[in-house]
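Worksheet: the structure to be examined is printed underneath.
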Amino acid sequence: MRPALGGFVASVIAVGQAPFLPPLWVGTLLCLAGVLMLLWLRGHWRTLAACVIGAGLAVSYGQTLLERRLPDVCERVAMQVTGTVASLPRLTLLPDGRRRQRFEFESDPLPLAHCRGPRRLLLSAPGEPALAPGERWQFAVLLRRPWGLANPGSFNMQAWFAQTGIDAVGSVRSRVPALRLAEAGASASHQRYRQWLSGQILAALGEGAPSAILRAVVVADRSGLDHALWTLFRQYGISHLLVISGLHVGMVAACGFLLGGLLARVLTLAGVHRGSALGGPLCALLLATVYTALAGFSLATTRAWLMLLCFLLAVLCGRPGLSWNNLLLAAAVLLAVNPLTALGAGFWLSFGSVACLLWLALWRPRAGAAGRWLGTHGYMCLAMLPLSGWWFGGASQVAALANAALVPLMALAVVPLALLGVVLATFSSSLAGSIWMLAAWPLQQLLPLGQAWAQNHPGWLYATLTPTLPAVALALVALALAVVPLRGLLKLLLLPPLLLPLLLPLHGHRTAHADALQVIALDVGQGTAVLVYDRSHALLYDTGGGMPGGPDLADSVILPLLRSRGISRLDTLVVSHGDHDHSAGLDTLRRRLPLGALLVGADMAAAPGVTACRAGLAWRWPGGIRFQVLAPAAGESVSSNNGSCVLRLEAHGQRLLLPGDIGADRERELVRYWRESLASDWALAPHHGSNTSSSSAWLKQVDPAMVLYTHGRANHYGHPATAVRQRHAQQGIATYSTALEGALEWTLRPGRAPQLMAQRSRFPRYWEQ
């Protein structure tokens, strides 16, 4: 059985990494052939049959997913959609005080015949009118394909869209009134109950972090979890406590098991012996199912519930619950339900942690309860180090202490009290409110202490890691050997060398060759960020966009890339001008990285340590790499866009031009002043390819062989403009797009032709199409 399950799991995961899929009929044929092989063959042939079934199932699922995707020609086409609100709306407070709500929408067939594939939409709408799960609405929307940013070392949003089955994303047009067509039906009663409970907790506790945490762990409503709170919990290594996952479902199941066991004892004392042994597992499954429903059957909770179901079924059949066979069975069941669930970190963290517990159980010596708990806790904290390093690029240095204190607190006090409040809310809102206030009290005491420590000692909490695949593999070997009964001296000689590659920072910047200069135009959506670096120096031009006071792309895209390339300091940071899509990450970078020179555009206020860009400013790196600022000139009075810092780079026989957001008038001024000096081999399209830039005079003087558009897919500005693309085509200029091709990386070497690599073509996956 174990080889067959392993073959099924491996084949499903392998198809999820395929760059393309065969037709749907091939998947159906593979499933039928696999079933026939399973019925007629014996022995190891059954493992092959399981592999064939897994491949066929994954192909069929993937093709169905692709068929439901919004076609390219339907992007940003205004249309009316009708359907049902399918999730709890997640409210977000914008910097200007307005509210937005994001929700999943189960759509009827779209009105345009050639656009009718999508069924499940992820929509963003104004905060009013308030939406409720199960209601039928009609919205005027602009849709686009479920797309994400593609950059080295950062989170892949398209993988999340694929896992959750989102067929299109879009925004509700506020100018066209939304129409409520029908109230929620009985089928959405549990979703309405979740929304009602969230409102009850909010009414009892008010706004604030404790209220947000309780709503998150009771009904998986993350509306109050802002970026600052997520960052705080990540620094302490306890962000898993904010998400209803295996830990929470396991805690509730354990309570159910104890209650069921107590009930069985009572029945036994009363003389009822038949079936009393089933009380613990059945009660555990019942409470875990109710809790999973409260969480809205989200991806994480459904995964935990299916794992628990496999373990409890084994117990009900009189077999050991926690075993390798059950772990494989749980993985197979989960992948059969959703073949793309292995794309997420949660799958590997969940199954990896259970695998570590099983491995530990094989070698753990007999000890008291306290000794077993401490040993298990310490080993699991060690186990999470390579996994966290690989998936998140770092790990908390206080995770062991924080989890030792907060996991029992959440398990024994906060979550039980919060769920007790859920039971009481049906009978008395005031009594439930009192219980929720009691559950929130420990959080109210601890959160200010945690925030103060994080502010005063930011470098003590979180360590960034730059893991390579060999380093993670060696760390996993160390993890396996840590509990094997080897001699102490032998362990001391083996384990540190195996762990050090994961813990030590990279020596020097990672480049393709020792003499290479890397130029990376990052995919930051509707914004700009270009990284230039060699083995010992690094420059960043612009920081991408983000939300003021909230998450920005410097945190989610630029810093992970710098970590993965071993760059811990920027010699020069250039912010072309103050527009948000170019400068939003400035504060994050200044706070998180040592900076050398900071150059800013004409519209940004001067401050200590800040140098205004001025035409003629130039500097060099070793190896003949030269930078020069071409604009603005000293004393000029120009607009924000036209005051952009225009930077030219010359390296290894190549000339690169970074013009910011200058317009056609500014282009003509620079053409008149710099003339032949503007000639470049490649250049960014000014202002993301706006029709107000890339004039014929500019293109004639710059005469680039390649032009790069840095823009968001199907953006509402219409960048790059059709007229601009036509002008480039008429002049025979090759064009590239970060929205379509992801991050674009050039490798420049002396005496060699430049090499270009697009992120989306580096590791293509069929679900990224």
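Note on naming: chains are A, B, ... as they come in the structure tokens, residues start from 1 per chain, ligands start from 1 in the order shown.
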### Near-A:Arg765 list (6 Å; only C-alpha atoms; drop same-chain fewer than 4 positions) as a PyMOL selection string
chain A and resi 17-19
Exercise: A:His227 partners within 12 Å, only C-alpha atoms, chain neighbours under 3 positions left out, as a short mmCIF file (atom, residue, chain, number, x, y, z; two decimals) with C-alpha atoms, in the first residue's frame:
data_model
loop_
_atom_site.label_atom_id
_atom_site.label_comp_id
_atom_site.auth_asym_id
_atom_site.auth_seq_id
_atom_site.Cartn_x
_atom_site.Cartn_y
_atom_site.Cartn_z
CA THR A 92 -9.72 46.73 4.55
CA LEU A 93 -9.33 50.31 5.76
CA ALA A 209 -5.61 43.79 17.64
CA ARG A 222 -8.93 38.43 8.80
CA SER A 223 -10.44 41.86 8.26
CA GLY A 224 -8.71 43.36 11.30
CA TRP A 230 1.31 40.19 10.71
CA THR A 231 4.85 41.59 10.81
CA LEU A 232 4.90 41.54 14.62
CA PHE A 233 3.79 37.90 14.80
CA ARG A 234 6.27 36.91 12.07
CA SER A 239 2.23 33.97 12.70
CA GLY A 546 2.59 49.74 -2.16
CA MET A 547 0.04 51.04 0.31
CA PRO A 548 1.02 54.01 2.51
CA GLY A 549 1.57 52.69 6.03
CA GLY A 550 0.89 49.16 4.81
CA PRO A 551 2.59 46.45 2.77
CA ASP A 552 4.88 47.58 -0.02
CA ASP A 555 9.16 44.19 1.59
CA SER A 556 7.57 41.48 -0.55
#
Skip A:Ala651 itself and residues of its chain fewer than 2 positions away, then list as a count of residues only all residues within 7 Å of it, counting only C-alpha atoms. 7
Atom CA of A:Ala615 to atom CA of A:Ala602 measures 11.1 Å
_Could you list, as a PyMOL selection string, every residue within 12 Å of A:Gly421, counting only C-alpha atoms and ignoring same-chain residues fewer than 2 positions away?_
chain A and resi 197-198+200-201+204+214-215+218+414-419+423-440
Taking 4 positions as the minimum chain separation for residues in the same chain, which residues sit within 9 Å of A:Gln101 when counting only C-alpha atoms? Answer as a list in words. Pro89, Arg90, Leu91, Thr92, Leu93, Leu123, Ser124, Ala125, Pro126, Gly127, Glu128, Ala130, Leu131 and Ser223 of chain A
Selected residues written out, N, CA and C atoms, as a PDB file, in the first residue's frame:
ATOM      1  N   PRO A  89     -16.878  38.522   3.305  1.00  0.00           N
ATOM      2  CA  PRO A  89     -16.133  39.679   2.789  1.00  0.00           C
ATOM      3  C   PRO A  89     -15.049  40.113   3.781  1.00  0.00           C
ATOM      4  N   ARG A  90     -13.875  40.394   3.241  1.00  0.00           N
ATOM      5  CA  ARG A  90     -12.750  40.852   4.057  1.00  0.00           C
ATOM      6  C   ARG A  90     -12.606  42.363   3.897  1.00  0.00           C
ATOM      7  N   LEU A  91     -12.836  43.082   4.977  1.00  0.00           N
ATOM      8  CA  LEU A  91     -12.812  44.544   4.941  1.00  0.00           C
ATOM      9  C   LEU A  91     -11.398  45.062   5.168  1.00  0.00           C
ATOM     10  N   THR A  92     -11.025  46.092   4.415  1.00  0.00           N
ATOM     11  CA  THR A  92      -9.718  46.732   4.546  1.00  0.00           C
ATOM     12  C   THR A  92      -9.922  48.232   4.635  1.00  0.00           C
ATOM     13  N   LEU A  93      -9.269  48.857   5.606  1.00  0.00           N
ATOM     14  CA  LEU A  93      -9.326  50.309   5.756  1.00  0.00           C
ATOM     15  C   LEU A  93      -8.192  50.932   4.963  1.00  0.00           C
ATOM     16  N   LEU A 123     -13.399  39.424  -6.221  1.00  0.00           N
ATOM     17  CA  LEU A 123     -13.751  40.801  -6.525  1.00  0.00           C
ATOM     18  C   LEU A 123     -13.377  41.733  -5.388  1.00  0.00           C
ATOM     19  N   SER A 124     -13.071  42.964  -5.752  1.00  0.00           N
ATOM     20  CA  SER A 124     -12.833  44.046  -4.801  1.00  0.00           C
ATOM     21  C   SER A 124     -13.888  45.108  -5.038  1.00  0.00           C
ATOM     22  N   ALA A 125     -14.537  45.548  -3.951  1.00  0.00           N
ATOM     23  CA  ALA A 125     -15.651  46.491  -4.083  1.00  0.00           C
ATOM     24  C   ALA A 125     -15.564  47.546  -2.994  1.00  0.00           C
ATOM     25  N   PRO A 126     -16.238  48.687  -3.172  1.00  0.00           N
ATOM     26  CA  PRO A 126     -16.300  49.676  -2.089  1.00  0.00           C
ATOM     27  C   PRO A 126     -16.927  49.073  -0.832  1.00  0.00           C
ATOM     28  N   GLY A 127     -16.667  49.696   0.314  1.00  0.00           N
ATOM     29  CA  GLY A 127     -17.171  49.188   1.588  1.00  0.00           C
ATOM     30  C   GLY A 127     -18.672  49.243   1.729  1.00  0.00           C
ATOM     31  N   GLU A 128     -19.323  50.040   0.936  1.00  0.00           N
ATOM     32  CA  GLU A 128     -20.783  50.127   0.939  1.00  0.00           C
ATOM     33  C   GLU A 128     -21.309  49.856  -0.467  1.00  0.00           C
ATOM     34  N   ALA A 130     -22.936  47.009   2.343  1.00  0.00           N
ATOM     35  CA  ALA A 130     -22.390  45.839   3.020  1.00  0.00           C
ATOM     36  C   ALA A 130     -22.908  44.574   2.354  1.00  0.00           C
ATOM     37  N   LEU A 131     -22.022  43.596   2.198  1.00  0.00           N
ATOM     38  CA  LEU A 131     -22.360  42.336   1.553  1.00  0.00           C
ATOM     39  C   LEU A 131     -22.442  41.220   2.588  1.00  0.00           C
ATOM     40  N   SER A 223     -10.250  40.452   8.594  1.00  0.00           N
ATOM     41  CA  SER A 223     -10.443  41.865   8.262  1.00  0.00           C
ATOM     42  C   SER A 223      -9.609  42.785   9.134  1.00  0.00           C
TER      43      SER A 223
END
**Message:** Could you list, as number ranges by chain, every residue within 8 Å of stretch 560-571 of chain A, counting only C-alpha atoms and ignoring same-chain residues fewer than 6 positions away?
**Reply:** A: 151-154, 393, 464-467, 505-511, 537-540, 593-597
Mind giving me the straight-line distance from atom CA of A:His114 to atom CA of A:Gly27 in Å, one decimal?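 Taking atom CA of A:His114 as the start and atom CA of A:Gly27 as the end point, the length is 24.9 Å.
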field: For A:Ala475: contacts at 8 Å, only C-alpha atoms, fewer than 5 positions along chain excluded, given as a VMD selection string
entry: chain A and resid 386 498 to 499 502
Export, as a PDB file, in the first residue's frame, the selected residues with all heavy atoms.
ATOM      1  N   PRO A 386      14.921  24.924   8.626  1.00  0.00           N
ATOM      2  CA  PRO A 386      15.159  24.847   7.173  1.00  0.00           C
ATOM      3  C   PRO A 386      13.898  25.106   6.353  1.00  0.00           C
ATOM      4  O   PRO A 386      13.977  25.702   5.270  1.00  0.00           O
ATOM      5  CB  PRO A 386      15.672  23.409   6.970  1.00  0.00           C
ATOM      6  CG  PRO A 386      15.219  22.654   8.169  1.00  0.00           C
ATOM      7  CD  PRO A 386      15.187  23.646   9.297  1.00  0.00           C
ATOM      8  N   LEU A 498      26.795  20.421   9.233  1.00  0.00           N
ATOM      9  CA  LEU A 498      25.631  20.242   8.365  1.00  0.00           C
ATOM     10  C   LEU A 498      24.675  21.428   8.439  1.00  0.00           C
ATOM     11  O   LEU A 498      23.981  21.741   7.467  1.00  0.00           O
ATOM     12  CB  LEU A 498      24.892  18.963   8.750  1.00  0.00           C
ATOM     13  CG  LEU A 498      25.622  17.645   8.455  1.00  0.00           C
ATOM     14  CD1 LEU A 498      24.856  16.472   9.052  1.00  0.00           C
ATOM     15  CD2 LEU A 498      25.804  17.453   6.956  1.00  0.00           C
ATOM     16  N   LEU A 499      24.616  22.107   9.585  1.00  0.00           N
ATOM     17  CA  LEU A 499      23.707  23.235   9.763  1.00  0.00           C
ATOM     18  C   LEU A 499      24.312  24.564   9.319  1.00  0.00           C
ATOM     19  O   LEU A 499      23.575  25.483   8.946  1.00  0.00           O
ATOM     20  CB  LEU A 499      23.282  23.341  11.229  1.00  0.00           C
ATOM     21  CG  LEU A 499      22.237  22.347  11.725  1.00  0.00           C
ATOM     22  CD1 LEU A 499      22.076  22.457  13.236  1.00  0.00           C
ATOM     23  CD2 LEU A 499      20.900  22.575  11.034  1.00  0.00           C
ATOM     24  N   LEU A 502      23.275  26.579   6.111  1.00  0.00           N
ATOM     25  CA  LEU A 502      21.979  27.238   6.159  1.00  0.00           C
ATOM     26  C   LEU A 502      22.045  28.535   6.951  1.00  0.00           C
ATOM     27  O   LEU A 502      21.384  29.523   6.599  1.00  0.00           O
ATOM     28  CB  LEU A 502      20.946  26.299   6.790  1.00  0.00           C
ATOM     29  CG  LEU A 502      19.540  26.866   6.991  1.00  0.00           C
ATOM     30  CD1 LEU A 502      18.848  27.082   5.646  1.00  0.00           C
ATOM     31  CD2 LEU A 502      18.699  25.953   7.873  1.00  0.00           C
TER      32      LEU A 502
END
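Here the question is which of A:Asn456, A:Thr84, A:Ser696, A:Thr64 gets nearest to A:Ala184 using only C-alpha atoms, and that residue is A:Thr84.
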query = Running DSSP on the backbone, which parts of stretch 475-559 of chain A land in alpha helix (DSSP H), as a list of chain:residue names?
reply =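 Answer for stretch 475-559 of chain A restricted to alpha helix (DSSP H) is A:Ala475, A:Leu476, A:Val477, A:Ala478, A:Leu479, A:Ala480, A:Leu481, A:Gly488, A:Leu489, A:Leu490, A:Lys491, A:Leu492, A:Leu493, A:Leu494, A:Leu495, A:Pro496, A:Pro497, A:Leu498, A:Leu499, A:Leu500, A:Pro501, A:Leu502, A:Leu503, A:Leu553, A:Leu559.
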